[in-house]
$ cat my_file31.txt   # compact mmCIF, C-alpha atoms (C1' of nucleotides)
# COMPACT_ATOMS: atom_id res chain seq x y z
CA MET Q 1 0.00 0.00 0.00
CA THR Q 2 2.93 2.36 0.45
CA ASP Q 3 4.33 2.25 -3.08
CA ALA Q 4 6.32 4.92 -4.83
CA PRO Q 5 4.51 8.26 -5.27
CA ASP Q 6 2.50 8.77 -8.43
CA PRO Q 7 4.75 9.78 -11.33
CA VAL Q 8 3.21 13.20 -11.56
CA PRO Q 9 4.30 15.52 -14.43
CA ALA Q 10 7.45 17.18 -13.04
CA ARG Q 11 7.57 20.84 -12.13
CA ARG Q 12 11.32 21.55 -12.44
CA GLY Q 13 13.33 22.31 -9.35
CA ARG Q 14 11.17 23.04 -6.36
CA PRO Q 15 10.27 20.52 -3.73
CA GLY Q 16 6.77 19.34 -2.92
CA TYR Q 17 3.69 19.40 -5.07
CA ASP Q 18 1.53 22.18 -6.46
CA ARG Q 19 -2.24 22.18 -6.82
CA GLU Q 20 -2.12 20.78 -10.34
CA GLN Q 21 0.03 17.81 -9.46
CA MET Q 22 -2.03 17.04 -6.41
CA LEU Q 23 -5.22 17.13 -8.48
CA PHE Q 24 -3.68 14.79 -11.03
CA SER Q 25 -2.76 12.25 -8.39
CA ALA Q 26 -5.99 12.60 -6.42
CA VAL Q 27 -8.23 11.97 -9.40
CA ARG Q 28 -6.39 8.76 -10.13
CA VAL Q 29 -7.07 7.53 -6.61
CA PHE Q 30 -10.72 8.62 -6.81
CA ASN Q 31 -11.11 6.51 -9.92
CA GLU Q 32 -9.46 3.48 -8.38
CA LEU Q 33 -11.48 3.43 -5.18
CA GLY Q 34 -14.50 5.55 -6.03
CA TYR Q 35 -14.89 9.10 -4.71
CA ASP Q 36 -16.84 8.20 -1.58
CA ALA Q 37 -14.64 5.27 -0.66
CA THR Q 38 -11.55 7.47 -0.90
CA SER Q 39 -10.38 9.09 2.32
CA VAL Q 40 -8.20 12.18 2.38
CA ALA Q 41 -5.56 9.94 3.95
CA ALA Q 42 -5.65 7.64 0.91
CA LEU Q 43 -5.28 10.69 -1.32
CA THR Q 44 -2.15 11.98 0.37
CA GLU Q 45 -0.57 8.60 1.13
CA ARG Q 46 -0.28 8.10 -2.60
CA LEU Q 47 2.08 11.07 -2.69
CA GLY Q 48 3.82 10.22 0.57
CA LEU Q 49 2.38 13.25 2.33
CA SER Q 50 0.28 13.81 5.43
CA LYS Q 51 -3.43 14.58 5.24
CA ALA Q 52 -2.84 18.19 6.22
CA ALA Q 53 -0.85 18.78 3.03
CA LEU Q 54 -3.98 18.48 0.93
CA TYR Q 55 -5.69 21.25 2.84
CA HIS Q 56 -2.93 23.64 1.83
CA HIS Q 57 -3.99 23.24 -1.81
CA PHE Q 58 -7.71 22.66 -1.50
CA ASP Q 59 -10.38 23.77 0.94
CA SER Q 60 -11.91 20.31 1.10
CA LYS Q 61 -11.99 16.88 -0.49
CA GLU Q 62 -15.06 18.04 -2.38
CA GLN Q 63 -13.21 20.96 -3.92
CA VAL Q 64 -10.81 18.45 -5.47
CA LEU Q 65 -13.79 16.72 -7.02
CA ASP Q 66 -15.16 20.04 -8.23
CA ALA Q 67 -11.90 20.97 -9.95
CA SER Q 68 -11.85 17.63 -11.75
CA LEU Q 69 -15.49 17.80 -12.86
CA GLU Q 70 -14.94 21.31 -14.20
CA ARG Q 71 -12.20 20.03 -16.50
CA ALA Q 72 -14.27 17.16 -17.78
CA LEU Q 73 -17.37 19.26 -18.42
CA GLY Q 74 -15.43 22.16 -19.91
CA SER Q 75 -13.71 19.87 -22.40
CA LEU Q 76 -16.92 18.10 -23.39
CA GLU Q 77 -18.84 21.34 -23.84
CA ALA Q 78 -16.02 22.64 -26.03
CA VAL Q 79 -16.67 19.73 -28.42
CA LEU Q 80 -20.22 20.91 -29.02
CA ASP Q 81 -19.07 24.50 -29.43
CA ALA Q 82 -16.34 23.63 -31.94
CA ASP Q 83 -16.60 24.68 -35.58
CA GLU Q 84 -17.10 21.15 -36.90
CA ALA Q 85 -20.18 20.81 -34.73
CA MET Q 86 -21.69 24.01 -36.15
CA SER Q 87 -21.67 23.56 -39.94
CA GLY Q 88 -22.35 20.91 -42.56
CA SER Q 89 -25.04 18.25 -42.60
CA ALA Q 90 -26.44 17.03 -39.32
CA ILE Q 91 -25.02 13.54 -39.81
CA ASP Q 92 -21.55 14.97 -40.44
CA ARG Q 93 -21.82 17.17 -37.38
CA LEU Q 94 -22.97 14.17 -35.35
CA ALA Q 95 -20.00 12.13 -36.52
CA ALA Q 96 -17.67 15.03 -35.71
CA VAL Q 97 -19.13 15.32 -32.22
CA LEU Q 98 -18.71 11.59 -31.66
CA ARG Q 99 -15.08 11.80 -32.71
CA GLY Q 100 -14.54 14.87 -30.58
CA ALA Q 101 -16.13 13.23 -27.56
CA VAL Q 102 -13.94 10.15 -27.93
CA ALA Q 103 -10.90 12.41 -28.22
CA VAL Q 104 -11.85 14.24 -25.02
CA LEU Q 105 -12.56 10.97 -23.22
CA VAL Q 106 -9.08 9.74 -24.06
CA ALA Q 107 -7.27 13.03 -23.45
CA GLU Q 108 -9.02 13.73 -20.15
CA LEU Q 109 -9.73 10.12 -19.23
CA PRO Q 110 -9.40 10.45 -15.43
CA HIS Q 111 -11.56 13.56 -15.19
CA VAL Q 112 -14.26 12.26 -17.51
CA THR Q 113 -14.26 8.90 -15.74
CA LEU Q 114 -14.91 10.66 -12.47
CA LEU Q 115 -17.66 12.77 -14.04
CA LEU Q 116 -19.46 9.73 -15.40
CA ARG Q 117 -19.64 8.20 -11.94
CA VAL Q 118 -21.12 11.17 -10.14
CA ARG Q 119 -24.49 10.39 -8.57
CA GLY Q 120 -25.67 13.71 -7.11
CA ASN Q 121 -24.82 13.24 -3.45
CA SER Q 122 -23.86 16.88 -2.90
CA GLU Q 123 -24.38 20.33 -4.37
CA VAL Q 124 -21.14 20.03 -6.34
CA GLU Q 125 -22.27 16.71 -7.82
CA ARG Q 126 -25.75 18.01 -8.61
CA ARG Q 127 -24.35 21.01 -10.46
CA ALA Q 128 -22.22 18.67 -12.54
CA LEU Q 129 -25.22 16.46 -13.30
CA THR Q 130 -27.17 19.49 -14.46
CA ARG Q 131 -24.44 20.44 -16.93
CA ARG Q 132 -24.24 16.81 -18.10
CA ARG Q 133 -27.95 16.75 -18.78
CA ALA Q 134 -27.68 19.92 -20.84
CA PHE Q 135 -24.92 18.28 -22.87
CA ASP Q 136 -27.05 15.18 -23.43
CA GLN Q 137 -29.95 17.29 -24.60
CA ARG Q 138 -27.81 19.06 -27.18
CA ILE Q 139 -26.82 15.62 -28.50
CA ALA Q 140 -30.45 14.53 -28.67
CA ALA Q 141 -31.28 17.71 -30.61
CA LEU Q 142 -28.51 16.92 -33.06
CA VAL Q 143 -29.87 13.39 -33.58
CA ARG Q 144 -33.36 14.80 -34.12
CA HIS Q 145 -31.95 17.18 -36.69
CA ALA Q 146 -30.27 14.29 -38.51
CA GLN Q 147 -33.55 12.37 -38.50
CA ARG Q 148 -35.42 15.27 -40.10
CA GLU Q 149 -32.61 15.53 -42.64
CA GLY Q 150 -33.20 11.86 -43.46
CA SER Q 151 -29.71 10.64 -42.64
CA VAL Q 152 -30.56 8.89 -39.38
CA ARG Q 153 -33.27 6.23 -39.00
CA SER Q 154 -36.51 7.59 -37.58
CA ASP Q 155 -37.89 4.34 -36.19
CA ILE Q 156 -35.95 4.95 -32.98
CA GLU Q 157 -36.79 7.93 -30.82
CA ALA Q 158 -34.10 10.62 -30.91
CA SER Q 159 -33.64 10.72 -27.15
CA VAL Q 160 -33.22 6.94 -26.98
CA ALA Q 161 -30.83 6.95 -29.93
CA ALA Q 162 -28.77 9.73 -28.34
CA ARG Q 163 -28.57 7.83 -25.08
CA LEU Q 164 -27.50 4.59 -26.72
CA LEU Q 165 -24.96 6.56 -28.75
CA PHE Q 166 -23.35 8.13 -25.73
CA GLY Q 167 -23.75 4.95 -23.76
CA THR Q 168 -21.40 3.43 -26.30
CA VAL Q 169 -19.01 6.37 -26.19
CA ASN Q 170 -18.99 6.74 -22.43
CA SER Q 171 -18.42 3.04 -21.80
CA ILE Q 172 -14.94 3.56 -23.18
CA VAL Q 173 -13.78 4.87 -19.82
CA GLU Q 174 -14.47 1.43 -18.34
CA TRP Q 175 -11.75 -0.32 -20.31
CA TYR Q 176 -9.67 1.97 -22.52
CA ARG Q 177 -6.15 2.70 -21.31
CA PRO Q 178 -3.89 5.09 -23.29
CA GLY Q 179 -0.66 3.51 -24.47
CA GLY Q 180 -2.42 0.24 -25.18
CA PRO Q 181 -2.65 -1.42 -28.60
CA GLU Q 182 -5.51 0.83 -29.74
CA GLY Q 183 -4.73 4.47 -30.55
CA ALA Q 184 -7.25 7.23 -29.86
CA ASP Q 185 -7.89 7.86 -33.57
CA ARG Q 186 -8.46 4.20 -34.30
CA LEU Q 187 -10.81 4.01 -31.36
CA ALA Q 188 -12.79 6.99 -32.65
CA ASP Q 189 -13.04 5.30 -36.06
CA ASP Q 190 -14.37 2.12 -34.45
CA VAL Q 191 -16.92 3.97 -32.36
CA VAL Q 192 -18.26 5.96 -35.31
CA ALA Q 193 -18.35 2.81 -37.45
CA VAL Q 194 -20.28 0.77 -34.89
CA ALA Q 195 -22.60 3.59 -33.91
CA LEU Q 196 -23.54 4.74 -37.39
CA ASP Q 197 -23.15 1.64 -39.55
CA GLY Q 198 -23.48 -1.21 -37.07
CA LEU Q 199 -21.54 -4.37 -36.47
CA ARG Q 200 -23.20 -6.47 -39.12
CA THR Q 201 -21.51 -6.98 -42.51
CA MET Z 1 -35.59 12.64 4.12
CA THR Z 2 -38.06 10.78 6.32
CA ASP Z 3 -40.59 9.89 3.68
CA ALA Z 4 -42.88 6.91 3.64
CA PRO Z 5 -41.15 3.52 3.69
CA ASP Z 6 -40.31 1.92 0.35
CA PRO Z 7 -43.36 0.23 -1.16
CA VAL Z 8 -41.80 -3.21 -0.82
CA PRO Z 9 -43.68 -6.23 -2.28
CA ALA Z 10 -46.04 -7.18 0.56
CA ARG Z 11 -45.75 -10.40 2.51
CA ARG Z 12 -49.36 -10.84 3.67
CA GLY Z 13 -50.20 -10.44 7.33
CA ARG Z 14 -47.09 -10.43 9.48
CA PRO Z 15 -45.40 -7.33 10.77
CA GLY Z 16 -41.88 -6.22 9.96
CA TYR Z 17 -39.72 -7.12 7.00
CA ASP Z 18 -38.02 -10.31 5.88
CA ARG Z 19 -34.60 -10.62 4.30
CA GLU Z 20 -35.98 -10.37 0.77
CA GLN Z 21 -37.85 -7.14 1.38
CA MET Z 22 -34.92 -5.61 3.17
CA LEU Z 23 -32.62 -6.49 0.27
CA PHE Z 24 -35.07 -4.96 -2.18
CA SER Z 25 -35.16 -1.69 -0.29
CA ALA Z 26 -31.43 -1.59 0.47
CA VAL Z 27 -30.38 -2.04 -3.14
CA ARG Z 28 -32.53 0.92 -4.13
CA VAL Z 29 -30.76 3.09 -1.61
CA PHE Z 30 -27.34 1.80 -2.71
CA ASN Z 31 -28.15 2.85 -6.25
CA GLU Z 32 -29.32 6.27 -5.22
CA LEU Z 33 -26.35 7.18 -3.06
CA GLY Z 34 -23.69 4.75 -4.20
CA TYR Z 35 -22.69 1.74 -2.09
CA ASP Z 36 -19.84 3.44 -0.26
CA ALA Z 37 -21.73 6.62 0.42
CA THR Z 38 -24.62 4.65 1.92
CA SER Z 39 -24.51 4.15 5.68
CA VAL Z 40 -26.34 1.35 7.43
CA ALA Z 41 -28.41 4.08 9.04
CA ALA Z 42 -29.49 5.34 5.61
CA LEU Z 43 -30.44 1.81 4.67
CA THR Z 44 -32.74 1.26 7.62
CA GLU Z 45 -34.12 4.80 7.80
CA ARG Z 46 -35.72 4.14 4.44
CA LEU Z 47 -37.83 1.45 6.06
CA GLY Z 48 -38.39 3.35 9.28
CA LEU Z 49 -36.25 0.92 11.28
CA SER Z 50 -33.20 1.20 13.48
CA LYS Z 51 -29.73 0.18 12.34
CA ALA Z 52 -29.81 -2.95 14.48
CA ALA Z 53 -32.74 -4.35 12.50
CA LEU Z 54 -30.53 -4.85 9.48
CA TYR Z 55 -28.15 -7.03 11.45
CA HIS Z 56 -30.97 -9.45 12.20
CA HIS Z 57 -31.22 -10.22 8.47
CA PHE Z 58 -27.63 -9.78 7.32
CA ASP Z 59 -24.23 -10.26 8.93
CA SER Z 60 -22.93 -7.02 7.49
CA LYS Z 61 -23.54 -4.23 5.02
CA GLU Z 62 -21.25 -6.05 2.64
CA GLN Z 63 -23.37 -9.20 2.78
CA VAL Z 64 -26.28 -7.15 1.46
CA LEU Z 65 -24.12 -6.13 -1.46
CA ASP Z 66 -23.06 -9.74 -2.00
CA ALA Z 67 -26.66 -10.95 -2.15
CA SER Z 68 -27.50 -8.33 -4.74
CA LEU Z 69 -24.46 -9.02 -6.91
CA GLU Z 70 -25.24 -12.74 -6.86
CA ARG Z 71 -28.66 -12.07 -8.34
CA ALA Z 72 -27.32 -9.85 -11.06
CA LEU Z 73 -24.53 -12.20 -12.06
CA GLY Z 74 -26.68 -15.32 -11.86
CA SER Z 75 -29.28 -13.79 -14.16
CA LEU Z 76 -26.71 -12.58 -16.67
CA GLU Z 77 -24.90 -15.91 -16.75
CA ALA Z 78 -28.21 -17.65 -17.33
CA VAL Z 79 -28.59 -15.66 -20.55
CA LEU Z 80 -25.41 -17.15 -21.95
CA ASP Z 81 -26.42 -20.64 -20.83
CA ALA Z 82 -29.89 -20.40 -22.39
CA ASP Z 83 -30.84 -22.50 -25.39
CA GLU Z 84 -31.03 -19.58 -27.80
CA ALA Z 85 -27.40 -18.78 -27.04
CA MET Z 86 -26.29 -22.34 -27.83
CA SER Z 87 -27.63 -23.07 -31.31
CA GLY Z 88 -28.04 -21.41 -34.68
CA SER Z 89 -25.67 -19.04 -36.48
CA ALA Z 90 -23.30 -16.94 -34.39
CA ILE Z 91 -24.99 -13.71 -35.42
CA ASP Z 92 -28.38 -15.06 -34.35
CA ARG Z 93 -26.97 -16.21 -31.04
CA LEU Z 94 -25.35 -12.82 -30.57
CA ALA Z 95 -28.66 -11.08 -31.22
CA ALA Z 96 -30.40 -13.47 -28.81
CA VAL Z 97 -27.81 -12.74 -26.12
CA LEU Z 98 -28.23 -9.01 -26.63
CA ARG Z 99 -31.97 -9.32 -26.24
CA GLY Z 100 -31.57 -11.57 -23.23
CA ALA Z 101 -29.15 -9.17 -21.59
CA VAL Z 102 -31.50 -6.23 -22.11
CA ALA Z 103 -34.34 -8.30 -20.63
CA VAL Z 104 -32.24 -9.11 -17.56
CA LEU Z 105 -31.14 -5.50 -17.21
CA VAL Z 106 -34.75 -4.40 -17.14
CA ALA Z 107 -36.06 -7.25 -14.96
CA GLU Z 108 -33.25 -6.99 -12.41
CA LEU Z 109 -32.48 -3.33 -12.93
CA PRO Z 110 -31.46 -2.46 -9.35
CA HIS Z 111 -29.17 -5.46 -8.93
CA VAL Z 112 -27.51 -5.09 -12.32
CA THR Z 113 -27.09 -1.35 -11.76
CA LEU Z 114 -25.25 -2.07 -8.54
CA LEU Z 115 -23.10 -4.71 -10.24
CA LEU Z 116 -22.04 -2.34 -12.98
CA ARG Z 117 -20.77 0.17 -10.45
CA VAL Z 118 -18.61 -2.19 -8.42
CA ARG Z 119 -14.95 -1.18 -8.42
CA GLY Z 120 -13.15 -3.96 -6.56
CA ASN Z 121 -12.72 -2.37 -3.14
CA SER Z 122 -13.22 -5.60 -1.19
CA GLU Z 123 -13.06 -9.35 -1.64
CA VAL Z 124 -16.80 -9.47 -2.36
CA GLU Z 125 -16.42 -6.84 -5.08
CA ARG Z 126 -13.36 -8.49 -6.59
CA ARG Z 127 -15.12 -11.84 -6.85
CA ALA Z 128 -17.99 -10.13 -8.67
CA LEU Z 129 -15.57 -8.42 -11.04
CA THR Z 130 -13.95 -11.76 -11.83
CA ARG Z 131 -17.30 -13.24 -12.80
CA ARG Z 132 -18.10 -10.16 -14.87
CA ARG Z 133 -14.86 -10.50 -16.76
CA ALA Z 134 -15.65 -14.14 -17.52
CA PHE Z 135 -19.02 -13.04 -18.89
CA ASP Z 136 -17.37 -10.38 -21.05
CA GLN Z 137 -14.95 -12.90 -22.45
CA ARG Z 138 -17.72 -15.24 -23.47
CA ILE Z 139 -19.31 -12.32 -25.34
CA ALA Z 140 -16.02 -11.54 -27.07
CA ALA Z 141 -15.73 -15.21 -28.11
CA LEU Z 142 -19.22 -15.04 -29.57
CA VAL Z 143 -18.32 -11.93 -31.57
CA ARG Z 144 -15.15 -13.62 -32.81
CA HIS Z 145 -17.23 -16.57 -33.89
CA ALA Z 146 -19.59 -14.30 -35.82
CA GLN Z 147 -16.61 -12.65 -37.50
CA ARG Z 148 -15.25 -16.00 -38.69
CA GLU Z 149 -18.71 -16.87 -39.93
CA GLY Z 150 -18.64 -13.65 -41.96
CA SER Z 151 -21.72 -12.07 -40.40
CA VAL Z 152 -19.90 -9.44 -38.33
CA ARG Z 153 -17.38 -6.97 -39.73
CA SER Z 154 -13.79 -8.02 -39.17
CA ASP Z 155 -12.17 -4.58 -39.40
CA ILE Z 156 -12.88 -4.06 -35.70
CA GLU Z 157 -11.19 -6.28 -33.16
CA ALA Z 158 -13.59 -8.70 -31.49
CA SER Z 159 -12.72 -7.63 -27.96
CA VAL Z 160 -13.26 -3.97 -28.84
CA ALA Z 161 -16.51 -4.74 -30.63
CA ALA Z 162 -17.75 -6.79 -27.66
CA ARG Z 163 -16.92 -3.98 -25.28
CA LEU Z 164 -18.67 -1.34 -27.36
CA LEU Z 165 -21.63 -3.69 -27.70
CA PHE Z 166 -22.03 -4.16 -23.99
CA GLY Z 167 -21.15 -0.56 -23.34
CA THR Z 168 -24.31 0.23 -25.26
CA VAL Z 169 -26.36 -2.40 -23.45
CA ASN Z 170 -25.07 -1.59 -19.97
CA SER Z 171 -25.60 2.14 -20.37
CA ILE Z 172 -29.30 1.42 -20.24
CA VAL Z 173 -29.18 1.28 -16.45
CA GLU Z 174 -28.21 4.95 -16.43
CA TRP Z 175 -31.53 6.16 -17.79
CA TYR Z 176 -34.11 3.42 -18.34
CA ARG Z 177 -36.94 3.27 -15.83
CA PRO Z 178 -39.62 0.56 -16.09
CA GLY Z 179 -43.12 1.86 -16.51
CA GLY Z 180 -41.89 4.67 -18.75
CA PRO Z 181 -42.96 5.21 -22.36
CA GLU Z 182 -40.52 2.56 -23.67
CA GLY Z 183 -41.33 -1.11 -23.01
CA ALA Z 184 -38.60 -3.67 -22.43
CA ASP Z 185 -39.22 -5.43 -25.75
CA ARG Z 186 -39.15 -2.23 -27.71
CA LEU Z 187 -35.95 -1.26 -25.95
CA ALA Z 188 -34.35 -4.61 -26.87
CA ASP Z 189 -35.39 -4.05 -30.50
CA ASP Z 190 -33.77 -0.62 -30.49
CA VAL Z 191 -30.55 -1.88 -28.95
CA VAL Z 192 -30.20 -4.75 -31.42
CA ALA Z 193 -31.02 -2.41 -34.29
CA VAL Z 194 -28.45 0.21 -33.32
CA ALA Z 195 -25.77 -2.31 -32.38
CA LEU Z 196 -26.03 -4.52 -35.44
CA ASP Z 197 -27.30 -2.20 -38.17
CA GLY Z 198 -26.29 1.23 -36.96
CA LEU Z 199 -28.10 4.52 -36.74
CA ARG Z 200 -27.56 5.63 -40.30
CA THR Z 201 -30.31 5.16 -42.87
C1' DG S 1 4.70 23.30 1.24
C1' DT S 2 4.59 20.11 4.84
C1' DC S 3 4.39 18.43 9.59
C1' DT S 4 2.18 16.54 14.32
C1' DA S 5 -1.62 16.63 17.19
C1' DT S 6 -6.29 16.92 17.92
C1' DA S 7 -11.13 18.04 17.71
C1' DA S 8 -15.82 16.56 16.42
C1' DA S 9 -18.73 13.77 13.92
C1' DG S 10 -20.12 9.57 11.77
C1' DA S 11 -19.18 4.94 10.54
C1' DG S 12 -20.04 -0.44 11.13
C1' DA S 13 -21.17 -3.58 14.40
C1' DT S 14 -22.71 -5.88 19.04
C1' DA S 15 -25.34 -6.78 23.61
C1' DG S 16 -29.30 -7.62 25.65
C1' DA S 17 -34.27 -6.33 26.36
C1' DC S 18 -38.99 -6.76 24.46
C1' DG X 1 -38.32 -8.81 14.07
C1' DT X 2 -37.15 -4.67 16.24
C1' DC X 3 -35.51 -1.67 19.93
C1' DT X 4 -31.98 1.42 22.79
C1' DA X 5 -27.51 1.97 24.20
C1' DT X 6 -22.86 1.56 23.46
C1' DC X 7 -18.22 0.26 21.72
C1' DT X 8 -14.52 1.14 18.68
C1' DC X 9 -12.61 2.80 14.64
C1' DT X 10 -12.32 6.02 10.90
C1' DT X 11 -13.64 10.14 8.92
C1' DT X 12 -13.06 15.30 7.49
C1' DA X 13 -11.07 19.21 8.92
C1' DT X 14 -8.31 22.66 11.83
C1' DA X 15 -4.42 24.77 14.79
C1' DG X 16 -0.05 26.04 15.00
C1' DA X 17 4.97 24.81 14.42
C1' DC X 18 8.87 24.37 11.01
$ encode --input "my_file31.txt" --output "structure tokens"
Amino acid sequence: MTDAPDPVPARRGRPGYDREQMLFSAVRVFNELGYDATSVAALTERLGLSKAALYHHFDSKEQVLDASLERALGSLEAVLDADEAMSGSAIDRLAAVLRGAVAVLVAELPHVTLLLRVRGNSEVERRALTRRRAFDQRIAALVRHAQREGSVRSDIEASVAARLLFGTVNSIVEWYRPGGPEGADRLADDVVAVALDGLRT
Amino acid sequence: MTDAPDPVPARRGRPGYDREQMLFSAVRVFNELGYDATSVAALTERLGLSKAALYHHFDSKEQVLDASLERALGSLEAVLDADEAMSGSAIDRLAAVLRGAVAVLVAELPHVTLLLRVRGNSEVERRALTRRRAFDQRIAALVRHAQREGSVRSDIEASVAARLLFGTVNSIVEWYRPGGPEGADRLADDVVAVALDGLRT
DNA sequence: GTCTATAAAGAGATAGAC
DNA sequence: GTCTATCTCTTTATAGAC
């Protein structure tokens, strides 16, 4: 249990950790144990520090969570606000959003993983869930648009289709590990292929 | 917070709750708050009982979890052992397993939801994860079979395809609620349609 | 930026009565 | 089948020194 400290991105020269490094390490532990099962002691043991050290960088354990959720949500919202999501046919925009979401999932894997496990047990968690719902609704609107355009099947309700779509995308956090055999681009290709064209030959 | 007790399936006549009813109620609370965030007090408050009452029916909080995970895993494993999963072409068996899994998800929604959130924090959780992995591998083998048979595209690795497939299926627990507009059969149709034939027209 | 020490609250679980 | 009372351990967070 007392292994070497997390190999946190170095910060040249100075001793100790800054807020960024501590967040990086903490989110990893949250994802391993689950946020609620993680004590502040578990958070700081990972870095070889005492509990009190965390309170120098954050007001509370919950503020660590908040910082992580902000990253995840900010990155995901940016995908919907990007140029590729704003022009072209609805099906092309949908595909671009799927690719963008996969890219964010991979790039911000720990933060997004944490976001997807939030259940609404506190004000911080409920705010995050509200932003997530808004994201989901923008996806559903995009699917509806593609249905009206005729490029997406209309025999499945848009909200259900959108949920199954992002169920597929979001499930990636359960097994994908960067540096494995599958690159992020290849993964995005596979997701778009399965989601839009199906598994059948 | 002190609402009416959970409307647990009645047990005609006698006072108090039996093990089955207590499990039913407890698993609901676990899913609302998350297992780790749920105290034994929260569990029994829901039924209007004291903490000690739970220990008449279960040895520990963890044994409640164990009982729930056993149900979920048993039901899922039964899908793979069913007749429809044993004969016919691989693609037909795959479709049958998908339908069966959706049916189990809906029928045992609380137990499966709990299972899908387990992270391996205890021996009970790790045993459940081991069984889940075995299930996943049987799915991957089925996909591989369908690829060799030529009915499933081979440009996506079987293990990745299987994971995306069950990512789609499992995500149902995040939003589906029985008694809503979508019936279980219709939902299974939608899942098989999206997974095998895709969303595109 | 980190430490030790400690406060205050809440956790899981048990004993024994009804 | 449930209760009250209690034990013990762990939790989040703070105070104040280095």
$ interface_residues --input "my_file31.txt" --of "chain S" --to "chain Z" --cutoff "12 Å" --atoms "only C-alpha atoms (C1' of nucleotides)" --output "list of chain:residue names"
S:DG10, S:DA11, S:DG12, S:DA13, S:DT14, S:DA15
$ interface_residues --input "my_file31.txt" --of "chain X" --to "chain Q" --cutoff "12 Å" --atoms "all atoms listed in the file" --output "list in words"
DT10, DT11, DT12, DA13, DT14 and DA15 of chain X
$ closest_atom_pairs --input "my_file31.txt" --of "chain Z" --to "chain Q" --cutoff "6 Å" --atoms "only C-alpha atoms" --output "tab-separated table"
residue	atom	partner	partner_atom	distance
Z:Asp36	CA	Q:Ala37	CA	5.5
Z:Ala37	CA	Q:Asp36	CA	5.5
Z:Ser151	CA	Q:Thr201	CA	5.5
Z:Val152	CA	Q:Arg200	CA	4.5
Z:Arg153	CA	Q:Thr201	CA	5.0
Z:Leu164	CA	Q:Thr168	CA	5.6
Z:Gly167	CA	Q:Ser171	CA	4.8
Z:Thr168	CA	Q:Thr168	CA	4.4
Z:Ser171	CA	Q:Gly167	CA	4.8
Z:Ala195	CA	Q:Gly198	CA	5.3
Z:Leu196	CA	Q:Gly198	CA	4.5
Z:Asp197	CA	Q:Gly198	CA	4.1
Z:Gly198	CA	Q:Gly198	CA	3.7
Z:Leu199	CA	Q:Leu196	CA	4.6
Z:Arg200	CA	Q:Val152	CA	4.5
Z:Thr201	CA	Q:Arg153	CA	5.0
$ atom_distance --input "my_file31.txt" --atom1 "atom CA of Q:Ala42" --atom2 "atom C1' of S:DT2"
16.6 Å
$ atom_distance --input "my_file31.txt" --atom1 "atom CA of Z:Leu114" --atom2 "atom CA of Q:Ala140"
26.6 Å
$ atom_distance --input "my_file31.txt" --atom1 "atom CA of Q:Leu54" --atom2 "atom CA of Q:Arg127"
23.5 Å
$ closest_residue --input "my_file31.txt" --among "Z:Arg71, Z:Val64, Z:His111, Z:Asp83" --to "Z:Val124" --atoms "all atoms listed in the file"
Z:Val64
$ residues_around --input "my_file31.txt" --residues "Z:Gly88" --least-positions-apart "5" --cutoff "12 Å" --atoms "only C-alpha atoms (C1' of nucleotides)" --output "VMD selection string"
chain Z and resid 83 93 to 96 145 to 146 149
$ decode --input "my_file31.txt" --residues "stretch 166-175 of chain Z" --atoms "N, CA and C atoms" --output "PDB file, in the first residue's frame"
ATOM      1  N   PHE Z 166     -21.492  -4.142 -25.343  1.00  0.00           N
ATOM      2  CA  PHE Z 166     -22.027  -4.162 -23.994  1.00  0.00           C
ATOM      3  C   PHE Z 166     -21.928  -2.820 -23.294  1.00  0.00           C
ATOM      4  N   GLY Z 167     -21.110  -1.934 -23.814  1.00  0.00           N
ATOM      5  CA  GLY Z 167     -21.150  -0.561 -23.339  1.00  0.00           C
ATOM      6  C   GLY Z 167     -22.516   0.031 -23.651  1.00  0.00           C
ATOM      7  N   THR Z 168     -22.993  -0.239 -24.853  1.00  0.00           N
ATOM      8  CA  THR Z 168     -24.311   0.233 -25.262  1.00  0.00           C
ATOM      9  C   THR Z 168     -25.394  -0.382 -24.387  1.00  0.00           C
ATOM     10  N   VAL Z 169     -25.353  -1.702 -24.250  1.00  0.00           N
ATOM     11  CA  VAL Z 169     -26.363  -2.400 -23.447  1.00  0.00           C
ATOM     12  C   VAL Z 169     -26.343  -1.915 -21.993  1.00  0.00           C
ATOM     13  N   ASN Z 170     -25.161  -1.915 -21.400  1.00  0.00           N
ATOM     14  CA  ASN Z 170     -25.067  -1.591 -19.973  1.00  0.00           C
ATOM     15  C   ASN Z 170     -25.468  -0.151 -19.657  1.00  0.00           C
ATOM     16  N   SER Z 171     -25.285   0.735 -20.633  1.00  0.00           N
ATOM     17  CA  SER Z 171     -25.597   2.136 -20.373  1.00  0.00           C
ATOM     18  C   SER Z 171     -27.085   2.339 -20.116  1.00  0.00           C
ATOM     19  N   ILE Z 172     -27.862   1.339 -20.470  1.00  0.00           N
ATOM     20  CA  ILE Z 172     -29.303   1.422 -20.244  1.00  0.00           C
ATOM     21  C   ILE Z 172     -29.638   1.680 -18.782  1.00  0.00           C
ATOM     22  N   VAL Z 173     -28.866   1.102 -17.877  1.00  0.00           N
ATOM     23  CA  VAL Z 173     -29.175   1.275 -16.452  1.00  0.00           C
ATOM     24  C   VAL Z 173     -29.078   2.734 -16.015  1.00  0.00           C
ATOM     25  N   GLU Z 174     -28.390   3.545 -16.812  1.00  0.00           N
ATOM     26  CA  GLU Z 174     -28.210   4.948 -16.433  1.00  0.00           C
ATOM     27  C   GLU Z 174     -29.467   5.785 -16.651  1.00  0.00           C
ATOM     28  N   TRP Z 175     -30.376   5.315 -17.480  1.00  0.00           N
ATOM     29  CA  TRP Z 175     -31.530   6.165 -17.790  1.00  0.00           C
ATOM     30  C   TRP Z 175     -32.858   5.428 -17.864  1.00  0.00           C
TER      31      TRP Z 175
END
